[in-house]
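Participant: Pasting final01.txt here (compact mmCIF, C-alpha atoms):
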```txt
# COMPACT_ATOMS: atom_id res chain seq x y z
CA MET V 1 -72.57 28.32 -44.67
CA MET V 2 -70.97 28.37 -48.05
CA ARG V 3 -68.51 31.16 -48.58
CA HIS V 4 -69.43 33.76 -51.13
CA LEU V 5 -67.13 33.43 -54.10
CA LEU V 6 -66.94 37.15 -54.64
CA LYS V 7 -64.91 39.09 -52.10
CA ALA V 8 -65.08 42.42 -53.91
CA ALA V 9 -66.54 43.25 -57.27
CA SER V 10 -63.38 44.92 -58.44
CA GLY V 11 -61.21 42.06 -57.26
CA LEU V 12 -63.14 39.30 -58.99
CA LEU V 13 -62.07 40.26 -62.46
CA LEU V 14 -58.65 38.93 -63.33
CA ALA V 15 -55.95 41.47 -63.98
CA GLY V 16 -56.08 42.61 -67.54
CA PHE V 17 -59.39 40.81 -68.19
CA LEU V 18 -61.21 43.91 -69.45
CA ALA V 19 -58.38 44.46 -71.91
CA LEU V 20 -59.28 41.23 -73.71
CA PRO V 21 -60.98 41.94 -77.04
CA ALA V 22 -64.67 41.06 -77.05
CA GLN V 23 -65.77 38.45 -79.53
CA ALA V 24 -69.03 38.47 -81.42
CA GLY V 25 -70.42 35.67 -79.27
CA GLU V 26 -70.62 31.92 -79.23
CA THR V 27 -69.88 30.09 -82.47
CA THR V 28 -71.56 26.78 -81.77
CA GLY V 29 -74.96 27.80 -83.10
CA GLU V 30 -76.61 26.74 -79.84
CA LYS V 31 -77.64 29.09 -77.07
CA PRO V 32 -75.33 28.92 -74.04
CA VAL V 33 -76.99 27.58 -70.88
CA LEU V 34 -75.87 28.57 -67.37
CA ARG V 35 -75.11 25.67 -65.05
CA SER V 36 -76.48 25.75 -61.51
CA GLN V 37 -73.37 24.02 -60.16
CA VAL V 38 -69.75 24.18 -61.27
CA MET V 39 -67.00 21.74 -60.29
CA THR V 40 -63.42 22.73 -60.98
CA LEU V 41 -59.93 21.60 -60.01
CA SER V 42 -58.34 24.83 -61.17
CA ASP V 43 -57.81 28.09 -59.33
CA ILE V 44 -59.65 29.83 -62.19
CA VAL V 45 -63.31 29.46 -63.24
CA THR V 46 -63.83 29.97 -66.97
CA VAL V 47 -66.74 30.85 -69.24
CA GLY V 48 -66.97 27.20 -70.28
CA ASP V 49 -67.17 26.12 -66.64
CA PHE V 50 -70.28 28.27 -66.16
CA TYR V 51 -71.92 27.89 -69.57
CA SER V 52 -72.48 24.96 -71.88
CA ASN V 53 -72.13 25.70 -75.61
CA ALA V 54 -69.59 28.44 -74.90
CA GLY V 55 -67.65 27.59 -78.05
CA MET V 56 -64.31 29.32 -78.57
CA LEU V 57 -64.91 31.47 -75.51
CA ALA V 58 -64.97 28.47 -73.15
CA SER V 59 -61.41 28.93 -71.92
CA LYS V 60 -61.74 32.61 -71.04
CA PRO V 61 -61.34 33.21 -67.29
CA LEU V 62 -64.12 34.85 -65.29
CA PHE V 63 -63.39 34.44 -61.56
CA ARG V 64 -60.92 33.01 -59.13
CA SER V 65 -62.01 29.69 -57.59
CA PRO V 66 -62.75 29.21 -53.88
CA ASP V 67 -60.08 27.61 -51.70
CA MET V 68 -59.38 23.92 -52.32
CA GLY V 69 -62.06 21.68 -50.87
CA THR V 70 -64.55 24.53 -50.40
CA SER V 71 -67.44 26.04 -52.32
CA GLY V 72 -68.88 29.48 -52.90
CA ASN V 73 -72.00 31.15 -54.30
CA VAL V 74 -71.90 33.52 -57.24
CA PRO V 75 -74.97 35.65 -58.19
CA ALA V 76 -76.21 34.44 -61.54
CA ASP V 77 -76.67 37.97 -62.87
CA VAL V 78 -73.02 38.77 -62.09
CA VAL V 79 -71.92 35.63 -63.93
CA ALA V 80 -74.02 36.57 -66.94
CA GLU V 81 -72.66 40.13 -66.90
CA ARG V 82 -69.05 38.99 -66.83
CA ALA V 83 -69.69 36.39 -69.54
CA ARG V 84 -71.23 38.99 -71.84
CA ALA V 85 -68.28 41.27 -71.18
CA ALA V 86 -66.02 38.39 -72.22
CA GLY V 87 -67.85 38.13 -75.54
CA LEU V 88 -70.60 35.59 -74.84
CA GLU V 89 -73.25 38.02 -75.96
CA THR V 90 -76.31 35.81 -75.34
CA ALA V 91 -75.27 34.76 -71.83
CA GLY V 92 -78.16 34.99 -69.38
CA THR V 93 -79.19 33.73 -65.97
CA ASP V 94 -81.57 31.08 -67.35
CA GLY V 95 -83.85 31.57 -64.37
CA LEU V 96 -81.10 31.00 -61.78
CA ARG V 97 -80.40 33.34 -58.87
CA THR V 98 -77.05 31.85 -57.82
CA VAL V 99 -74.45 29.40 -59.09
CA VAL V 100 -72.56 27.17 -56.67
CA VAL V 101 -68.88 26.74 -57.48
CA TYR V 102 -67.04 23.73 -55.95
CA ARG V 103 -63.24 23.61 -55.85
CA GLY V 104 -62.04 20.04 -55.76
CA ALA V 105 -59.28 18.70 -53.52
CA THR V 106 -57.67 15.40 -52.66
CA ARG V 107 -58.95 14.72 -49.15
CA LEU V 108 -57.21 12.36 -46.75
CA ASN V 109 -59.03 11.66 -43.50
CA HIS V 110 -57.61 10.17 -40.31
CA ASP V 111 -57.99 6.56 -41.50
CA GLN V 112 -56.37 7.33 -44.84
CA LEU V 113 -53.44 9.00 -43.11
CA ALA V 114 -53.05 5.85 -40.98
CA GLY V 115 -53.03 3.84 -44.20
CA LEU V 116 -50.35 6.14 -45.61
CA ALA V 117 -48.23 5.53 -42.50
CA ARG V 118 -48.83 1.77 -42.72
CA LYS V 119 -47.66 1.65 -46.33
CA ALA V 120 -44.60 3.80 -45.65
CA LEU V 121 -43.47 1.60 -42.74
CA ALA V 122 -44.01 -1.65 -44.64
CA GLU V 123 -42.16 -0.44 -47.73
CA ARG V 124 -39.10 0.45 -45.70
CA ASN V 125 -38.99 -2.77 -43.65
CA ALA V 126 -38.54 -5.98 -45.60
CA GLY V 127 -40.75 -8.86 -44.55
CA ILE V 128 -43.48 -6.66 -43.06
CA ASP V 129 -46.97 -7.32 -44.44
CA THR V 130 -48.93 -4.07 -44.88
CA GLU V 131 -52.19 -5.79 -43.93
CA ARG V 132 -50.69 -6.97 -40.64
CA LEU V 133 -49.62 -3.59 -39.32
CA ASP V 134 -51.88 -2.02 -36.72
CA ILE V 135 -51.44 1.77 -36.74
CA ARG V 136 -52.43 4.12 -33.92
CA LEU V 137 -51.77 7.76 -34.80
CA MET V 138 -50.82 10.05 -31.92
CA GLN V 139 -50.03 13.24 -33.81
CA ALA V 140 -51.86 13.81 -37.09
CA PRO V 141 -54.41 16.28 -38.51
CA ASP V 142 -58.02 15.18 -38.78
CA GLU V 143 -57.90 15.86 -42.51
CA VAL V 144 -55.36 16.87 -45.13
CA LEU V 145 -56.31 18.72 -48.33
CA ALA V 146 -53.93 18.31 -51.25
CA ASP V 147 -53.79 19.54 -54.83
CA PRO V 148 -55.92 17.11 -56.88
CA LYS V 149 -53.94 17.88 -60.03
CA VAL V 150 -50.82 16.25 -58.55
CA HIS V 151 -50.60 12.49 -59.14
CA ASP V 152 -48.85 11.78 -55.81
CA PRO V 153 -49.86 14.72 -53.62
CA ILE V 154 -48.05 13.44 -50.52
CA ARG V 155 -44.34 12.63 -50.65
CA ILE V 156 -42.72 10.65 -47.85
CA ASP V 157 -39.38 12.24 -46.95
CA ARG V 158 -38.24 10.38 -43.81
CA VAL V 159 -39.37 7.39 -41.75
CA GLU V 160 -38.19 6.50 -38.24
CA TRP V 161 -39.57 3.39 -36.52
CA ASN V 162 -38.44 1.79 -33.28
CA GLN V 163 -39.81 -1.74 -33.58
CA SER V 164 -39.05 -2.58 -29.96
CA ASN V 165 -41.71 -0.16 -28.69
CA GLY V 166 -43.52 0.45 -31.99
CA ARG V 167 -43.14 4.24 -31.98
CA PHE V 168 -42.69 5.92 -35.36
CA THR V 169 -42.28 9.39 -36.87
CA ILE V 170 -42.97 10.08 -40.54
CA GLN V 171 -42.01 13.36 -42.18
CA ALA V 172 -43.80 14.13 -45.44
CA THR V 173 -44.55 16.95 -47.87
CA VAL V 174 -48.06 17.81 -49.13
CA ALA V 175 -48.66 19.48 -52.49
CA VAL V 176 -51.07 22.38 -51.88
CA GLU V 177 -52.51 25.20 -53.97
CA VAL V 178 -49.26 27.14 -53.92
CA GLY V 179 -46.14 25.06 -53.34
CA THR V 180 -45.95 22.47 -50.56
CA GLU V 181 -46.54 22.17 -46.83
CA PRO V 182 -44.85 19.87 -44.28
CA LEU V 183 -46.76 17.00 -42.69
CA ILE V 184 -45.63 15.06 -39.61
CA LEU V 185 -47.27 11.83 -38.48
CA THR V 186 -46.36 10.13 -35.21
CA GLY V 187 -47.84 7.07 -33.57
CA VAL V 188 -47.40 3.42 -32.67
CA ALA V 189 -47.21 0.60 -35.20
CA THR V 190 -47.69 -3.00 -34.08
CA GLU V 191 -47.11 -6.03 -36.27
CA MET V 192 -50.02 -8.44 -35.85
CA VAL V 193 -50.28 -12.17 -36.58
CA ASP V 194 -53.27 -14.51 -36.94
CA VAL V 195 -53.21 -17.38 -34.46
CA LEU V 196 -55.50 -20.26 -33.57
CA VAL V 197 -57.31 -20.31 -30.22
CA LEU V 198 -59.99 -22.48 -28.68
CA VAL V 199 -63.56 -21.28 -28.46
CA GLN V 200 -63.96 -23.16 -25.18
CA PRO V 201 -61.60 -25.20 -22.97
CA VAL V 202 -60.56 -28.70 -24.09
CA ARG V 203 -59.76 -31.36 -21.50
CA ARG V 204 -56.59 -33.44 -21.46
CA GLY V 205 -56.89 -36.36 -23.87
CA ASP V 206 -59.78 -34.88 -25.88
CA ILE V 207 -59.52 -34.62 -29.65
CA VAL V 208 -59.56 -31.09 -31.07
CA ARG V 209 -62.25 -30.53 -33.73
CA GLU V 210 -62.46 -27.77 -36.32
CA GLU V 211 -65.54 -26.30 -34.65
CA ASP V 212 -63.51 -25.91 -31.43
CA LEU V 213 -61.22 -23.36 -33.11
CA ASN V 214 -61.23 -19.65 -33.81
CA ILE V 215 -58.70 -17.28 -35.40
CA ILE V 216 -57.72 -14.08 -33.62
CA ARG V 217 -55.18 -11.38 -34.43
CA GLU V 218 -52.57 -10.70 -31.76
CA ALA V 219 -49.46 -8.55 -31.50
CA ARG V 220 -46.46 -10.59 -32.61
CA THR V 221 -44.64 -9.75 -29.38
CA LYS V 222 -47.41 -11.44 -27.38
CA VAL V 223 -47.51 -14.63 -29.45
CA PRO V 224 -45.37 -17.54 -28.16
CA ALA V 225 -42.87 -19.26 -30.40
CA GLY V 226 -44.39 -22.16 -32.31
CA ALA V 227 -47.93 -20.76 -32.20
CA LEU V 228 -50.23 -22.58 -34.61
CA THR V 229 -51.71 -20.68 -37.54
CA GLU V 230 -53.07 -23.47 -39.77
CA VAL V 231 -56.20 -25.44 -38.88
CA GLU V 232 -54.83 -28.67 -40.37
CA ASP V 233 -51.93 -28.55 -37.89
CA ILE V 234 -54.25 -29.19 -34.94
CA VAL V 235 -57.58 -30.68 -36.04
CA GLY V 236 -57.70 -34.35 -35.06
CA LYS V 237 -54.87 -33.95 -32.56
CA GLN V 238 -55.17 -34.82 -28.87
CA ALA V 239 -54.73 -32.31 -26.06
CA ARG V 240 -51.66 -33.08 -23.94
CA THR V 241 -53.10 -31.10 -21.02
CA THR V 242 -56.30 -29.19 -20.33
CA LEU V 243 -56.23 -26.24 -22.73
CA ARG V 244 -57.92 -22.92 -21.94
CA ALA V 245 -59.97 -20.84 -24.36
CA ASN V 246 -58.75 -17.72 -26.23
CA ALA V 247 -55.07 -18.46 -25.70
CA PRO V 248 -52.71 -19.01 -28.68
CA LEU V 249 -52.16 -22.72 -29.31
CA SER V 250 -48.70 -24.18 -29.91
CA ARG V 251 -47.48 -27.48 -31.27
CA ASN V 252 -46.53 -28.57 -27.78
CA ASP V 253 -50.17 -28.32 -26.68
CA VAL V 254 -51.30 -31.27 -28.81
CA GLN V 255 -50.14 -34.62 -30.03
CA ARG V 256 -51.33 -37.36 -32.32
CA PRO V 257 -54.07 -39.40 -30.62
CA ILE V 258 -52.61 -42.07 -28.32
CA LEU V 259 -53.76 -45.48 -29.55
CA ILE V 260 -51.79 -47.63 -27.11
CA GLU V 261 -51.06 -46.92 -23.46
CA ARG V 262 -48.01 -48.14 -21.56
CA GLY V 263 -48.71 -51.51 -19.90
CA GLU V 264 -51.66 -52.27 -22.20
CA LYS V 265 -52.11 -55.82 -23.53
CA ILE V 266 -51.91 -55.66 -27.32
CA THR V 267 -51.91 -57.89 -30.41
CA VAL V 268 -48.65 -58.26 -32.33
CA THR V 269 -48.81 -59.16 -36.02
CA TYR V 270 -46.00 -60.45 -38.15
CA VAL V 271 -46.62 -60.78 -41.87
CA MET V 272 -44.43 -62.75 -44.24
CA PRO V 273 -45.11 -64.13 -47.70
CA GLY V 274 -48.10 -66.46 -47.55
CA MET V 275 -48.39 -66.35 -43.80
CA LYS V 276 -49.59 -64.06 -41.02
CA LEU V 277 -48.68 -64.79 -37.41
CA THR V 278 -50.12 -63.12 -34.33
CA SER V 279 -49.31 -63.18 -30.64
CA ARG V 280 -50.13 -61.28 -27.48
CA ALA V 281 -47.73 -58.78 -25.94
CA GLN V 282 -47.55 -55.95 -23.48
CA ALA V 283 -46.80 -52.34 -24.50
CA MET V 284 -43.73 -50.95 -22.81
CA ASP V 285 -44.50 -47.39 -24.01
CA SER V 286 -47.46 -45.27 -25.03
CA GLY V 287 -47.78 -44.13 -28.62
CA ALA V 288 -49.84 -42.89 -31.56
CA LYS V 289 -50.35 -44.38 -34.99
CA GLY V 290 -47.02 -44.80 -36.76
CA ASP V 291 -44.96 -44.59 -33.56
CA VAL V 292 -42.41 -47.30 -32.87
CA ILE V 293 -42.66 -48.61 -29.32
CA ASP V 294 -41.14 -51.50 -27.40
CA VAL V 295 -43.41 -54.51 -26.81
CA MET V 296 -42.80 -57.58 -24.63
CA ASN V 297 -44.00 -61.00 -25.79
CA LEU V 298 -46.08 -62.46 -22.95
CA GLN V 299 -44.71 -65.99 -23.49
CA SER V 300 -41.03 -65.48 -24.23
CA ARG V 301 -40.64 -62.17 -22.32
CA ARG V 302 -38.60 -60.91 -25.27
CA ILE V 303 -38.74 -57.14 -25.88
CA VAL V 304 -38.61 -55.87 -29.47
CA PRO V 305 -39.65 -52.69 -31.33
CA ALA V 306 -43.00 -52.64 -33.14
CA THR V 307 -44.97 -50.07 -35.14
CA ILE V 308 -48.45 -49.03 -33.97
CA THR V 309 -50.97 -49.63 -36.73
CA SER V 310 -54.30 -49.06 -34.93
CA ARG V 311 -55.80 -49.14 -31.46
CA GLY V 312 -54.35 -52.15 -29.60
CA GLN V 313 -52.53 -53.37 -32.73
CA VAL V 314 -48.83 -53.32 -33.62
CA ARG V 315 -46.69 -54.77 -36.40
CA VAL V 316 -43.27 -56.25 -35.64
CA HIS V 317 -40.38 -55.15 -37.79
CA ALA V 318 -39.23 -57.71 -40.33
CA ALA V 319 -35.89 -58.02 -38.60
CA ASN V 320 -37.60 -59.50 -35.51
CA PRO V 321 -39.85 -62.31 -36.75
CA ILE V 322 -39.09 -64.56 -33.84
CA VAL V 323 -41.22 -62.51 -31.43
CA ALA V 324 -44.33 -62.86 -33.50
CA SER V 325 -43.74 -66.55 -34.13
CA LEU V 326 -43.45 -67.49 -30.49
CA ASN V 327 -46.76 -68.86 -29.19
CA SER V 328 -48.49 -67.57 -32.32
CA GLU V 329 -51.44 -68.90 -34.27
CA LYS V 330 -51.44 -69.38 -38.01
CA ASN V 331 -54.40 -67.55 -39.60
```
Would you put the structure from the file into structure tokens?
Facilitator:
Amino acid sequence: MMRHLLKAASGLLLAGFLALPAQAGETTGEKPVLRSQVMTLSDIVTVGDFYSNAGMLASKPLFRSPDMGTSGNVPADVVAERARAAGLETAGTDGLRTVVVYRGATRLNHDQLAGLARKALAERNAGIDTERLDIRLMQAPDEVLADPKVHDPIRIDRVEWNQSNGRFTIQATVAVEVGTEPLILTGVATEMVDVLVLVQPVRRGDIVREEDLNIIREARTKVPAGALTEVEDIVGKQARTTLRANAPLSRNDVQRPILIERGEKITVTYVMPGMKLTSRAQAMDSGAKGDVIDVMNLQSRRIVPATITSRGQVRVHAANPIVASLNSEKN
């Protein structure tokens, strides 16, 4: 139930109010109209708050406001009586029985207080991203009401944060109707990171596709070093081992697709101006595109380094033309 604005008839009138000289009435030429609802940020409700077209009498005080963030009912006939006493001679009830007076306040709920803590911790710790701090309040009011006339109604005075266990204590000051009140927030703050995981397991040797991936947010302390965060760092790569789902992926989990296996018979190509020579060889190592592996010419048994160009194909370095020329065919 809304609180009644009037606690006692004698106490509603401000001290010295009756001593104010009465004025002849409104000067706007238009009849004042009583509002059914009044919204104020002040601790005083004036003639102009209650009546439109109050003219020069608009700033005259009539009643004290309800507490911040609350509302109260005022009988319309009492409002009209006080307004006439203040000089607004044609003030009436305009068919209203009561007027509801709302006193505004800056309200901060539990989530907003968590956001306040998040911002305070990030501002005092370089390199911390506000959006990546998970805040769990342990000691905090459900709601804080602050003076709406103050630009920054909550001032942070002291911040203590143990990042090893995440526990923090924030001491602050809240601007209220009269002066300030202390505010203490305690809780646990955890820095989170976005990491790539698999939607379902991937077998050893399979190629990872974009649709195989998902992004989850994990506590930084639980994420292994080298965890992958960018899709392009893994799509098209080959799983080194069978990878399980929903576990952070690291660079060591994948490799470039193996195009040549150790012991495989391959084609060696040597290109020189106006001529291309090919021969058959055996791979001495496994490798992906661009890797340099040792290959052994099947005729000469010479072993030289070659660069993998595609599946089953390598190119001999220019410094080793003899390998490609042995038992080769001119194309």
Participant: Could you tell me how far atom CA of Ala76 of chain V sits from atom CA of Glu30 of chain V, in Å to one decimal place?
Facilitator: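 Separation of atom CA of Glu30 of chain V and atom CA of Ala76 of chain V: 19.9 Å.
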Participant: Determine the axis-aligned bounding box of all atoms of segment 49-59 of chain V present in the file, pad each side by 3 Å, and express its centre and edge lengths in Å to one decimal place as JSON.
Facilitator:
```
{"center_x": -66.9, "center_y": 28.2, "center_z": -72.4, "size_x": 17.1, "size_y": 12.5, "size_z": 18.4}
```
Participant: Give me the residues near segment 259-266 of chain V as an MDAnalysis selection string, where near means some atom within 10 Å (using only C-alpha atoms) and where sequence neighbours in that chain fewer than 6 positions away do not count.
Facilitator: chainID V and resid 279:291 293:298 308:314
Participant: Please identify every residue of segment 95-144 of chain V that has at least one atom no farther than 8 Å from an atom of segment 176-186 of chain V, counting all atoms listed in the file, and for each give the shortest atom pair and the distance in Å to one decimal, arranged by chain then increasing number, as JSON lines.
Facilitator:
```
{"residue": "V:Ala117", "atom": "CA", "partner": "V:Leu185", "partner_atom": "CA", "distance": 7.5}
{"residue": "V:Leu137", "atom": "CA", "partner": "V:Thr186", "partner_atom": "CA", "distance": 5.9}
{"residue": "V:Met138", "atom": "CA", "partner": "V:Thr186", "partner_atom": "CA", "distance": 5.5}
{"residue": "V:Gln139", "atom": "CA", "partner": "V:Thr186", "partner_atom": "CA", "distance": 5.0}
{"residue": "V:Ala140", "atom": "CA", "partner": "V:Leu185", "partner_atom": "CA", "distance": 5.2}
```
Participant: What are the nearest atom pairs, with distances in Å to one decimal, for all residues of segment 229-275 of chain V that come at most 10 Å from segment 302-307 of chain V, using all atoms listed in the file, set out by chain and rising residue number as CSV?
Facilitator:
```
residue,atom,partner,partner_atom,distance
V:Val268,CA,V:Ala306,CA,8.0
V:Thr269,CA,V:Ala306,CA,9.2
V:Tyr270,CA,V:Ala306,CA,9.8
```
Participant: Can you list, as a PyMOL selection string, every protein, DNA or RNA residue that comes within 9 Å of Val223 of chain V when you count only C-alpha atoms, leaving out same-chain residues fewer than 3 positions away?
Facilitator: chain V and resi 193+195+218-220+226-227+248
Participant: For Thr90 of chain V, which of V:Val316, V:Leu34, V:Leu249, V:Val202 is the closest residue, counting only C-alpha atoms?
Facilitator: V:Leu34
Participant: In Å, with one decimal, what is the gap from atom CA of Ala225 of chain V to atom CA of Gly115 of chain V?
Facilitator: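 Computed distance, atom CA of Ala225 of chain V to atom CA of Gly115 of chain V, equals 28.8 Å.
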Participant: Every residue with an atom at most 12 Å from (-53.4, -27.1, -31.2) (file coordinates; only C-alpha atoms) is what I'm after, so could you write them as a VMD selection string?
Facilitator: chain V and resid 195 to 198 201 to 202 206 to 210 212 to 215 226 to 256
Participant: Report, in Å with one decimal, the straight-line distance from atom CA of Trp161 of chain V to atom CA of Glu143 of chain V.
Facilitator: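 Atom-to-atom, atom CA of Trp161 of chain V and atom CA of Glu143 of chain V are spaced 23.0 Å apart.
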Participant: Show which residues sit within 9 Å of Val144 of chain V, as a list of chain:residue names. Count only C-alpha atoms, and ignore same-chain residues fewer than 2 positions away.
Facilitator: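 Close residues of Val144 of chain V: V:Thr106, V:Arg107, V:Leu108, V:Asn109, V:His110, V:Leu113, V:Pro141, V:Asp142, V:Ala146, V:Val174, V:Leu183.
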